[in-house]
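**Student:** As input, take query.tsv (TSV, C-alpha atoms):
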```tsv
chain	number	residue	atom	x	y	z
M	1	MET	CA	0.00	0.00	0.00
M	2	GLU	CA	1.32	3.46	-0.88
M	3	ARG	CA	2.41	5.54	2.09
M	4	ARG	CA	0.35	8.44	0.78
M	5	SER	CA	-2.82	6.33	0.82
M	6	LEU	CA	-1.99	5.05	4.29
M	7	ARG	CA	-1.43	8.57	5.62
M	8	ALA	CA	-4.74	9.63	4.07
M	9	ALA	CA	-6.50	6.71	5.76
M	10	ARG	CA	-4.96	7.63	9.10
M	11	LEU	CA	-6.02	11.26	8.70
M	12	ALA	CA	-9.55	10.20	7.77
M	13	THR	CA	-9.71	7.97	10.84
M	14	PHE	CA	-8.56	10.85	13.02
M	15	THR	CA	-11.32	12.95	11.48
M	16	TYR	CA	-14.07	10.47	12.32
M	17	PHE	CA	-12.82	10.06	15.88
M	18	VAL	CA	-12.85	13.85	16.36
M	19	LEU	CA	-16.30	14.02	14.78
M	20	ASN	CA	-17.68	11.32	17.06
M	21	GLY	CA	-16.29	13.04	20.14
M	22	THR	CA	-17.69	16.38	19.00
M	23	LEU	CA	-21.17	15.07	18.25
M	24	LEU	CA	-21.43	13.26	21.58
M	25	GLY	CA	-19.97	16.24	23.42
M	26	MET	CA	-22.45	18.65	21.84
M	27	TRP	CA	-25.29	16.61	23.32
M	28	ILE	CA	-23.56	16.42	26.70
M	29	VAL	CA	-23.11	20.17	27.12
M	30	GLN	CA	-26.77	20.73	26.22
M	31	ILE	CA	-28.08	18.31	28.87
M	32	PRO	CA	-28.95	20.93	31.54
M	33	SER	CA	-30.85	23.14	29.09
M	34	ILE	CA	-32.76	20.24	27.54
M	35	GLU	CA	-33.55	18.74	30.95
M	36	GLN	CA	-35.04	22.04	32.06
M	37	ARG	CA	-36.92	22.54	28.80
M	38	VAL	CA	-38.73	19.20	28.87
M	39	GLY	CA	-39.30	19.38	32.63
M	40	ILE	CA	-37.77	16.14	33.91
M	41	SER	CA	-35.90	15.28	37.12
M	42	HIS	CA	-32.35	13.97	37.43
M	43	ALA	CA	-33.74	10.50	38.10
M	44	VAL	CA	-35.86	10.51	34.92
M	45	LEU	CA	-32.91	11.82	32.96
M	46	GLY	CA	-30.83	8.91	34.27
M	47	GLY	CA	-33.36	6.49	32.80
M	48	PHE	CA	-33.36	8.32	29.48
M	49	LEU	CA	-29.58	8.17	29.35
M	50	LEU	CA	-29.92	4.41	29.68
M	51	LEU	CA	-32.15	4.51	26.58
M	52	LEU	CA	-29.39	6.35	24.74
M	53	GLY	CA	-26.98	3.63	25.80
M	54	ALA	CA	-29.38	0.88	24.78
M	55	GLY	CA	-29.71	2.46	21.34
M	56	ALA	CA	-25.92	2.59	21.10
M	57	PHE	CA	-25.64	-1.08	22.05
M	58	VAL	CA	-28.11	-2.03	19.32
M	59	GLY	CA	-26.18	0.14	16.85
M	60	MET	CA	-22.92	-1.59	17.75
M	61	ARG	CA	-24.41	-5.03	17.20
M	62	ALA	CA	-25.76	-3.91	13.82
M	63	ALA	CA	-22.66	-2.09	12.60
M	64	GLY	CA	-20.15	-4.85	13.36
M	65	PRO	CA	-21.59	-7.46	10.97
M	66	ALA	CA	-22.39	-4.70	8.45
M	67	ALA	CA	-18.75	-3.61	8.43
M	68	ASP	CA	-17.64	-7.22	7.87
M	69	ARG	CA	-20.02	-7.64	4.94
M	70	LEU	CA	-19.90	-4.20	3.30
M	71	GLY	CA	-16.51	-2.93	4.44
M	72	THR	CA	-15.67	-0.09	6.80
M	73	ARG	CA	-15.21	2.29	3.86
M	74	THR	CA	-18.98	2.09	3.34
M	75	VAL	CA	-20.22	1.75	6.90
M	76	VAL	CA	-18.10	4.46	8.59
M	77	PRO	CA	-19.33	7.47	6.56
M	78	ALA	CA	-22.90	6.17	6.57
M	79	SER	CA	-22.79	5.81	10.35
M	80	ALA	CA	-21.26	9.26	10.75
M	81	ALA	CA	-24.02	10.79	8.63
M	82	LEU	CA	-26.70	8.99	10.66
M	83	CYS	CA	-25.19	10.12	13.96
M	84	SER	CA	-24.89	13.70	12.71
M	85	ALA	CA	-28.49	13.85	11.51
M	86	ALA	CA	-29.79	12.33	14.76
M	87	LEU	CA	-28.00	14.94	16.88
M	88	VAL	CA	-30.64	17.61	16.22
M	89	LEU	CA	-33.48	15.43	17.56
M	90	PRO	CA	-32.95	16.02	21.32
M	91	GLY	CA	-32.94	19.77	20.68
M	92	LEU	CA	-36.34	19.50	19.02
M	93	ALA	CA	-37.89	17.41	21.80
M	94	THR	CA	-40.86	19.09	23.49
M	95	GLY	CA	-41.63	16.52	26.20
M	96	PRO	CA	-40.30	13.46	27.99
M	97	TRP	CA	-41.45	10.90	25.43
M	98	THR	CA	-40.12	12.74	22.40
M	99	LEU	CA	-36.79	13.17	24.22
M	100	ALA	CA	-36.70	9.46	25.00
M	101	GLY	CA	-37.21	8.58	21.32
M	102	ALA	CA	-34.65	11.15	20.21
M	103	LEU	CA	-32.01	9.76	22.55
M	104	ALA	CA	-32.64	6.19	21.39
M	105	VAL	CA	-32.07	7.24	17.76
M	106	LEU	CA	-29.00	9.29	18.65
M	107	GLY	CA	-27.61	6.37	20.63
M	108	PHE	CA	-28.12	4.02	17.68
M	109	GLY	CA	-26.21	6.35	15.37
M	110	ASN	CA	-23.43	6.83	17.90
M	111	GLY	CA	-23.09	3.06	18.40
M	112	CYS	CA	-22.84	2.47	14.64
M	113	LEU	CA	-20.14	5.12	14.29
M	114	ASP	CA	-18.23	3.99	17.36
M	115	VAL	CA	-17.80	0.35	16.34
M	116	SER	CA	-17.24	1.01	12.62
M	117	MET	CA	-14.56	3.69	13.10
M	118	ASN	CA	-12.76	1.47	15.62
M	119	ALA	CA	-12.87	-1.41	13.14
M	120	HIS	CA	-11.30	0.85	10.52
M	121	ALA	CA	-8.72	2.03	13.05
M	122	VAL	CA	-7.67	-1.60	13.57
M	123	GLU	CA	-7.18	-1.95	9.81
M	124	VAL	CA	-5.02	1.18	9.75
M	125	GLU	CA	-2.98	-0.04	12.72
M	126	LYS	CA	-2.33	-3.37	11.02
M	127	ALA	CA	-1.22	-1.58	7.86
M	128	TYR	CA	1.20	0.61	9.83
M	129	GLY	CA	2.63	-2.35	11.71
M	130	ARG	CA	2.96	-0.36	14.94
M	131	PRO	CA	0.58	0.92	17.64
M	132	VAL	CA	-1.46	3.96	16.64
M	133	MET	CA	-4.75	3.27	18.42
M	134	SER	CA	-4.13	5.47	21.47
M	135	ALA	CA	-3.68	8.52	19.27
M	136	PHE	CA	-7.07	7.88	17.66
M	137	HIS	CA	-8.71	7.75	21.08
M	138	ALA	CA	-6.92	10.93	22.06
M	139	THR	CA	-8.51	12.74	19.13
M	140	PHE	CA	-11.93	11.52	20.27
M	141	SER	CA	-11.25	13.52	23.43
M	142	VAL	CA	-10.25	16.50	21.28
M	143	GLY	CA	-13.79	16.39	19.93
M	144	GLY	CA	-15.11	16.65	23.49
M	145	VAL	CA	-12.99	19.74	24.10
M	146	LEU	CA	-14.26	21.33	20.88
M	147	ALA	CA	-17.83	20.57	21.91
M	148	ALA	CA	-17.32	22.14	25.33
M	149	LEU	CA	-15.90	25.31	23.77
M	150	ALA	CA	-18.70	25.46	21.20
M	151	GLY	CA	-21.33	24.82	23.86
M	152	ALA	CA	-19.97	27.57	26.08
M	153	ALA	CA	-19.89	29.99	23.13
M	154	THR	CA	-23.43	29.27	21.93
M	155	ALA	CA	-24.74	29.50	25.50
M	156	GLY	CA	-23.18	32.94	25.71
M	157	TRP	CA	-24.87	33.87	22.43
M	158	ASP	CA	-28.25	32.66	23.81
M	159	TRP	CA	-28.65	30.03	21.10
M	160	SER	CA	-31.37	27.49	21.75
M	161	PRO	CA	-30.45	23.79	22.01
M	162	ALA	CA	-32.21	23.19	18.68
M	163	ALA	CA	-30.11	25.85	16.92
M	164	THR	CA	-26.85	24.66	18.48
M	165	LEU	CA	-27.42	20.97	17.77
M	166	GLY	CA	-28.80	21.72	14.31
M	167	ALA	CA	-25.69	23.65	13.33
M	168	ALA	CA	-23.49	20.84	14.66
M	169	ALA	CA	-25.54	18.29	12.71
M	170	VAL	CA	-25.07	20.15	9.41
M	171	LEU	CA	-21.33	20.45	10.02
M	172	GLY	CA	-21.16	16.75	10.87
M	173	LEU	CA	-22.85	15.77	7.60
M	174	VAL	CA	-20.35	17.86	5.64
M	175	VAL	CA	-17.37	16.35	7.46
M	176	SER	CA	-18.77	12.82	7.03
M	177	GLY	CA	-18.79	13.19	3.26
M	178	CYS	CA	-15.46	15.00	2.94
M	179	ALA	CA	-13.48	12.45	4.96
M	180	ALA	CA	-14.88	9.34	3.27
M	181	PRO	CA	-12.53	9.23	0.22
M	182	GLY	CA	-9.50	8.85	2.48
M	183	LEU	CA	-10.66	5.60	4.07
M	184	LEU	CA	-8.94	2.32	3.21
M	185	PRO	CA	-10.46	0.30	0.37
M	186	SER	CA	-12.87	-2.36	1.56
M	187	ARG	CA	-11.32	-5.78	1.90
M	188	SER	CA	-12.83	-9.20	2.46
M	189	THR	CA	-12.24	-10.44	5.98
M	190	PRO	CA	-12.91	-14.17	6.01
M	191	ALA	CA	-11.59	-14.53	9.55
M	192	ALA	CA	-14.02	-11.94	10.80
M	193	ASP	CA	-16.86	-13.48	8.82
M	194	ALA	CA	-16.11	-16.86	10.31
M	195	GLY	CA	-15.98	-15.45	13.82
M	196	ALA	CA	-19.12	-13.34	13.56
M	197	GLY	CA	-22.08	-15.27	14.83
M	198	PRO	CA	-25.60	-14.42	15.90
M	199	GLY	CA	-24.29	-12.60	18.92
M	200	GLY	CA	-22.42	-10.01	16.89
M	201	PRO	CA	-19.11	-8.61	18.07
M	202	GLY	CA	-18.15	-10.10	21.36
M	203	GLY	CA	-21.12	-12.44	21.33
M	204	PRO	CA	-21.28	-16.20	21.23
M	205	GLY	CA	-20.10	-16.36	17.69
M	206	THR	CA	-16.75	-14.69	18.23
M	207	GLY	CA	-14.96	-17.77	19.38
M	208	GLY	CA	-14.63	-20.19	22.27
M	209	ALA	CA	-14.71	-19.47	25.96
M	210	ALA	CA	-12.28	-16.78	27.08
M	211	PRO	CA	-9.77	-17.45	29.88
M	212	ALA	CA	-10.47	-16.04	33.32
M	213	ARG	CA	-7.74	-13.41	32.86
M	214	ILE	CA	-9.66	-11.90	29.92
M	215	TRP	CA	-12.84	-11.66	31.96
M	216	LEU	CA	-10.94	-9.95	34.78
M	217	LEU	CA	-9.68	-7.41	32.24
M	218	ALA	CA	-13.28	-7.01	31.07
M	219	VAL	CA	-14.54	-6.37	34.61
M	220	LEU	CA	-11.83	-3.74	35.09
M	221	ALA	CA	-12.89	-2.13	31.82
M	222	LEU	CA	-16.47	-2.07	33.11
M	223	LEU	CA	-15.37	-0.26	36.28
M	224	ILE	CA	-13.20	2.30	34.49
M	225	MET	CA	-15.68	2.99	31.70
M	226	LEU	CA	-18.48	3.34	34.25
M	227	CYS	CA	-16.44	6.24	35.64
M	228	GLU	CA	-16.03	7.74	32.16
M	229	GLY	CA	-19.76	7.52	31.58
M	230	VAL	CA	-20.48	9.37	34.83
M	231	ALA	CA	-18.15	12.21	33.81
M	232	ASN	CA	-19.69	12.39	30.35
M	233	ASP	CA	-23.27	12.74	31.51
M	234	TRP	CA	-23.13	14.29	34.99
M	235	SER	CA	-20.10	16.61	35.18
M	236	VAL	CA	-21.94	19.56	33.63
M	237	LEU	CA	-25.04	19.03	35.75
M	238	HIS	CA	-22.88	18.81	38.86
M	239	LEU	CA	-21.54	22.33	38.43
M	240	ARG	CA	-24.93	23.68	37.34
M	241	THR	CA	-27.13	22.19	40.05
M	242	VAL	CA	-24.80	21.64	43.02
M	243	LEU	CA	-22.51	24.68	42.75
M	244	GLY	CA	-24.89	27.03	40.91
M	245	ALA	CA	-22.58	27.67	37.93
M	246	SER	CA	-23.91	29.34	34.79
M	247	ASP	CA	-24.51	27.26	31.66
M	248	SER	CA	-21.31	28.51	30.04
M	249	ALA	CA	-19.19	27.90	33.16
M	250	ALA	CA	-20.74	24.47	33.76
M	251	ALA	CA	-19.81	23.37	30.22
M	252	PHE	CA	-16.15	23.62	31.23
M	253	ALA	CA	-16.53	20.75	33.71
M	254	TYR	CA	-16.79	18.32	30.83
M	255	GLY	CA	-14.19	20.36	28.93
M	256	ALA	CA	-11.67	20.00	31.77
M	257	PHE	CA	-12.30	16.26	31.93
M	258	ALA	CA	-12.00	15.81	28.15
M	259	ALA	CA	-8.88	17.99	27.85
M	260	ALA	CA	-7.11	16.04	30.58
M	261	MET	CA	-8.13	12.76	28.91
M	262	THR	CA	-6.63	13.98	25.65
M	263	VAL	CA	-3.26	14.93	27.13
M	264	GLY	CA	-3.13	11.74	29.17
M	265	ARG	CA	-3.82	9.54	26.17
M	266	LEU	CA	-1.10	11.25	24.16
M	267	LEU	CA	1.42	10.53	26.93
M	268	ALA	CA	0.21	7.13	28.16
M	269	ASP	CA	2.10	4.99	25.63
M	270	ARG	CA	5.47	6.50	26.58
M	271	VAL	CA	4.75	6.27	30.29
M	272	SER	CA	3.64	2.66	29.93
M	273	ALA	CA	6.82	1.77	28.04
M	274	ARG	CA	8.89	3.07	30.96
M	275	PHE	CA	6.90	2.01	34.02
M	276	GLY	CA	4.61	-0.73	32.73
M	277	PRO	CA	0.84	-0.97	32.16
M	278	ALA	CA	0.13	-2.06	35.73
M	279	ALA	CA	1.53	1.22	37.02
M	280	ILE	CA	-0.64	3.16	34.57
M	281	LEU	CA	-3.77	1.44	35.86
M	282	ARG	CA	-2.84	1.49	39.56
M	283	TYR	CA	-1.66	5.07	39.87
M	284	GLY	CA	-4.04	6.39	37.22
M	285	ALA	CA	-7.07	4.99	39.04
M	286	ALA	CA	-5.75	6.35	42.34
M	287	VAL	CA	-5.37	9.84	40.85
M	288	ALA	CA	-8.87	9.57	39.37
M	289	ALA	CA	-10.34	8.66	42.77
M	290	LEU	CA	-8.60	11.64	44.36
M	291	GLY	CA	-9.79	14.02	41.64
M	292	LEU	CA	-13.44	12.98	41.73
M	293	SER	CA	-13.47	13.09	45.54
M	294	ALA	CA	-12.18	16.66	45.40
M	295	ALA	CA	-14.80	17.64	42.81
M	296	ALA	CA	-17.63	16.03	44.78
M	297	LEU	CA	-16.71	17.69	48.08
M	298	SER	CA	-15.61	21.08	46.75
M	299	PRO	CA	-17.74	24.15	47.55
M	300	TRP	CA	-15.82	26.18	44.94
M	301	ILE	CA	-16.23	26.05	41.17
M	302	PRO	CA	-12.47	26.36	40.35
M	303	LEU	CA	-11.57	23.45	42.64
M	304	ALA	CA	-14.41	21.36	41.20
M	305	LEU	CA	-13.12	22.04	37.67
M	306	ALA	CA	-9.63	21.02	38.76
M	307	GLY	CA	-11.08	17.85	40.29
M	308	TRP	CA	-12.86	16.90	37.08
M	309	GLY	CA	-9.63	17.53	35.18
M	310	LEU	CA	-7.66	15.32	37.56
M	311	PHE	CA	-10.34	12.65	37.21
M	312	GLY	CA	-9.86	12.67	33.44
M	313	ALA	CA	-6.06	12.63	33.68
M	314	GLY	CA	-6.14	9.60	35.96
M	315	LEU	CA	-8.57	7.61	33.82
M	316	SER	CA	-6.97	8.52	30.49
M	317	GLY	CA	-4.45	5.70	30.18
M	318	CYS	CA	-6.42	2.94	31.90
M	319	VAL	CA	-8.71	1.60	29.20
M	320	PRO	CA	-6.05	1.51	26.43
M	321	GLN	CA	-3.86	-0.66	28.69
M	322	LEU	CA	-6.73	-3.09	29.22
M	323	PHE	CA	-7.53	-3.28	25.51
M	324	SER	CA	-3.86	-3.77	24.66
M	325	ALA	CA	-3.46	-6.56	27.21
M	326	ALA	CA	-6.51	-8.35	25.82
M	327	GLY	CA	-5.31	-8.01	22.24
M	328	HIS	CA	-1.86	-9.39	23.02
M	329	ALA	CA	-3.02	-12.25	25.22
M	330	ASP	CA	-3.57	-14.60	22.25
M	331	ASP	CA	-2.88	-13.65	18.63
M	332	SER	CA	-5.32	-16.28	17.40
M	333	ALA	CA	-8.17	-14.74	19.39
M	334	ALA	CA	-7.09	-11.10	19.63
M	335	GLY	CA	-10.26	-9.67	18.09
M	336	ALA	CA	-12.58	-11.80	20.21
M	337	ASN	CA	-10.70	-10.93	23.39
M	338	VAL	CA	-10.71	-7.20	22.68
M	339	SER	CA	-14.42	-7.30	21.84
M	340	ARG	CA	-15.16	-9.03	25.15
M	341	VAL	CA	-13.26	-6.41	27.12
M	342	ALA	CA	-14.71	-3.53	25.11
M	343	GLY	CA	-18.24	-4.94	25.24
M	344	LEU	CA	-18.35	-5.36	29.01
M	345	GLY	CA	-16.67	-1.99	29.38
M	346	TYR	CA	-19.38	-0.37	27.31
M	347	LEU	CA	-22.03	-1.89	29.56
M	348	GLY	CA	-20.31	-0.06	32.40
M	349	MET	CA	-20.46	3.18	30.47
M	350	LEU	CA	-24.19	2.62	29.96
M	351	ALA	CA	-24.89	1.72	33.56
M	352	GLY	CA	-22.84	4.43	35.25
M	353	PRO	CA	-24.96	7.49	34.35
M	354	ALA	CA	-28.21	5.64	35.07
M	355	LEU	CA	-26.95	4.44	38.46
M	356	ILE	CA	-26.03	7.99	39.41
M	357	GLY	CA	-29.51	9.15	38.38
M	358	TRP	CA	-31.15	6.51	40.54
M	359	LEU	CA	-28.85	7.26	43.48
M	360	THR	CA	-30.05	10.87	43.47
M	361	HIS	CA	-33.30	9.50	44.93
M	362	LEU	CA	-31.31	8.62	48.06
M	363	VAL	CA	-28.41	11.06	48.31
M	364	PRO	CA	-27.39	14.42	46.80
M	365	LEU	CA	-25.78	14.31	43.36
M	366	ASN	CA	-22.27	15.07	44.60
M	367	LEU	CA	-22.37	12.23	47.16
M	368	ALA	CA	-23.55	9.81	44.46
M	369	PHE	CA	-20.14	10.34	42.83
M	370	PHE	CA	-18.55	8.16	45.49
M	371	LEU	CA	-19.84	5.12	43.56
M	372	PRO	CA	-17.30	5.74	40.74
M	373	VAL	CA	-14.70	6.60	43.41
M	374	ALA	CA	-15.22	3.09	44.78
M	375	CYS	CA	-14.80	1.67	41.27
M	376	CYS	CA	-11.44	3.44	40.96
M	377	VAL	CA	-10.31	2.01	44.32
M	378	ALA	CA	-11.24	-1.50	43.13
M	379	ALA	CA	-9.19	-0.96	39.96
M	380	VAL	CA	-6.19	0.07	42.06
M	381	ALA	CA	-6.47	-3.18	44.01
M	382	ALA	CA	-6.70	-5.36	40.88
M	383	ALA	CA	-4.09	-3.59	38.74
M	384	GLY	CA	-1.63	-6.47	39.20
M	385	VAL	CA	-3.46	-8.37	36.45
M	386	LEU	CA	-1.43	-6.28	33.99
M	387	ARG	CA	1.92	-7.34	35.47
M	388	PRO	CA	3.97	-8.72	33.82
M	389	ARG	CA	3.11	-7.60	30.30
M	390	LEU	CA	1.09	-10.16	28.44
M	391	SER	CA	2.85	-11.78	25.53
M	392	VAL	CA	2.34	-14.72	23.22
M	393	PRO	CA	5.05	-17.40	23.60
```
Starting from the coordinates I provided, produce the structure as structure tokens.
**Tutor:**
Amino acid sequence: MERRSLRAARLATFTYFVLNGTLLGMWIVQIPSIEQRVGISHAVLGGFLLLLGAGAFVGMRAAGPAADRLGTRTVVPASAALCSAALVLPGLATGPWTLAGALAVLGFGNGCLDVSMNAHAVEVEKAYGRPVMSAFHATFSVGGVLAALAGAATAGWDWSPAATLGAAAVLGLVVSGCAAPGLLPSRSTPAADAGAGPGGPGGPGTGGAAPARIWLLAVLALLIMLCEGVANDWSVLHLRTVLGASDSAAAFAYGAFAAAMTVGRLLADRVSARFGPAAILRYGAAVAALGLSAAALSPWIPLALAGWGLFGAGLSGCVPQLFSAAGHADDSAAGANVSRVAGLGYLGMLAGPALIGWLTHLVPLNLAFFLPVACCVAAVAAAGVLRPRLSVP
């Protein structure tokens, strides 16, 4: 393959990761305004966020086999266009039920884009012959930062959620089409076809039973991604409702988290090479627990923002280490192992925001954040599963 084509494919993959992060982030920073507009409580919102996650899970199961059959060059831009178009729907919702339907559709589009762009990223990584996946995930976080900045700006301009999300949707459709020509040509993947069964990616058809070590990695991914999901969906509301921040100031809670995740992911590979993946998980999860505790207990907006940033910095390198360990555990089952870890991790990301919403029935929102703190502590205790580095004899 020509290096020029490979560089174009890598750039296109970066573009779709940024786009996905931006689209999801644009919804996140609009959560307080939309919640107030449709007149729902935190607890009801938590249930609706579970609908968004359920839609994403269905989208993932649909997009995986579609990418195997049609090729990622076809499925990635189509998924990006669907996710972009669906983004405007929550802004148009006028009541609880229309918001629920809008979030289910948006979740479906996001799930399709998430799994298809990651599948293409794997193809690019194989073509390069060296690790490049962490950089792709870092640019997803760049999209979150862009969304936070855009959300703060449009809030200052008094744009409605419909106008903000509609503008982002149009831009997303344009980017989806412009980036598509750079994707790698579709290739037949008989191994993937043979492994894909009725369960879709990570389901029963992906191979035999996984070893216990893989399932421990998957449980750790669930705990860490549960924490990420809480930050995604509740950081902005925390500053708005607990500390009384304005809409524009509250948007920077998610921005601080996403920016710290970006920097951490750019540095994590080098740090891991020097100190090992177990250290990344152990000390990263400890830093995350400290940061979220500070944010939850802080009476001051600046300290809360710093806490959310520290939370993102600590979590940033954890999930890539878990995915890498799963992929290197057995070359003959690398895809199946990664899908198991990623799949259970995604369930954590779905469950985390909903659990926080339900906990607000019992305790204030900031105290509910000690559930993800406990998850971080558990990850610290189990980090030894990554030592020594997994390798294939």
**Student:** May I ask for the distance between CA of Phe57 (chain M) and CA of Val115 (chain M), given in Å to one decimal place?
**Tutor:**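 That distance, rounded to one decimal, is 9.8 Å.
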**Student:** Pick out the closest residue to Thr241 (chain M) from this set: M:Gly95, M:Pro364, M:Gly312, M:Gly46. Count all atoms listed in the file.
**Tutor:** M:Pro364
**Student:** Could you work out how far CA of Gly109 (chain M) lies from CA of Leu51 (chain M), giving the answer in Å with one decimal?
**Tutor:** 12.8 Å
**Student:** Which residues are near Leu359 (chain M)? Cut-off 10 Å, all atoms listed in the file, ignore same chain within fewer than 6 positions. Put them as a PyMOL selection string.
**Tutor:** chain M and resi 42-43+46+353+365+367-369+371
**Student:** As a PyMOL selection string, please: the residues near region 220-233 of chain M (cut-off 6 Å, all atoms listed in the file, same-chain neighbours under 3 positions excluded).
**Tutor:** chain M and resi 217+344-345+348-349+352-353+372+375
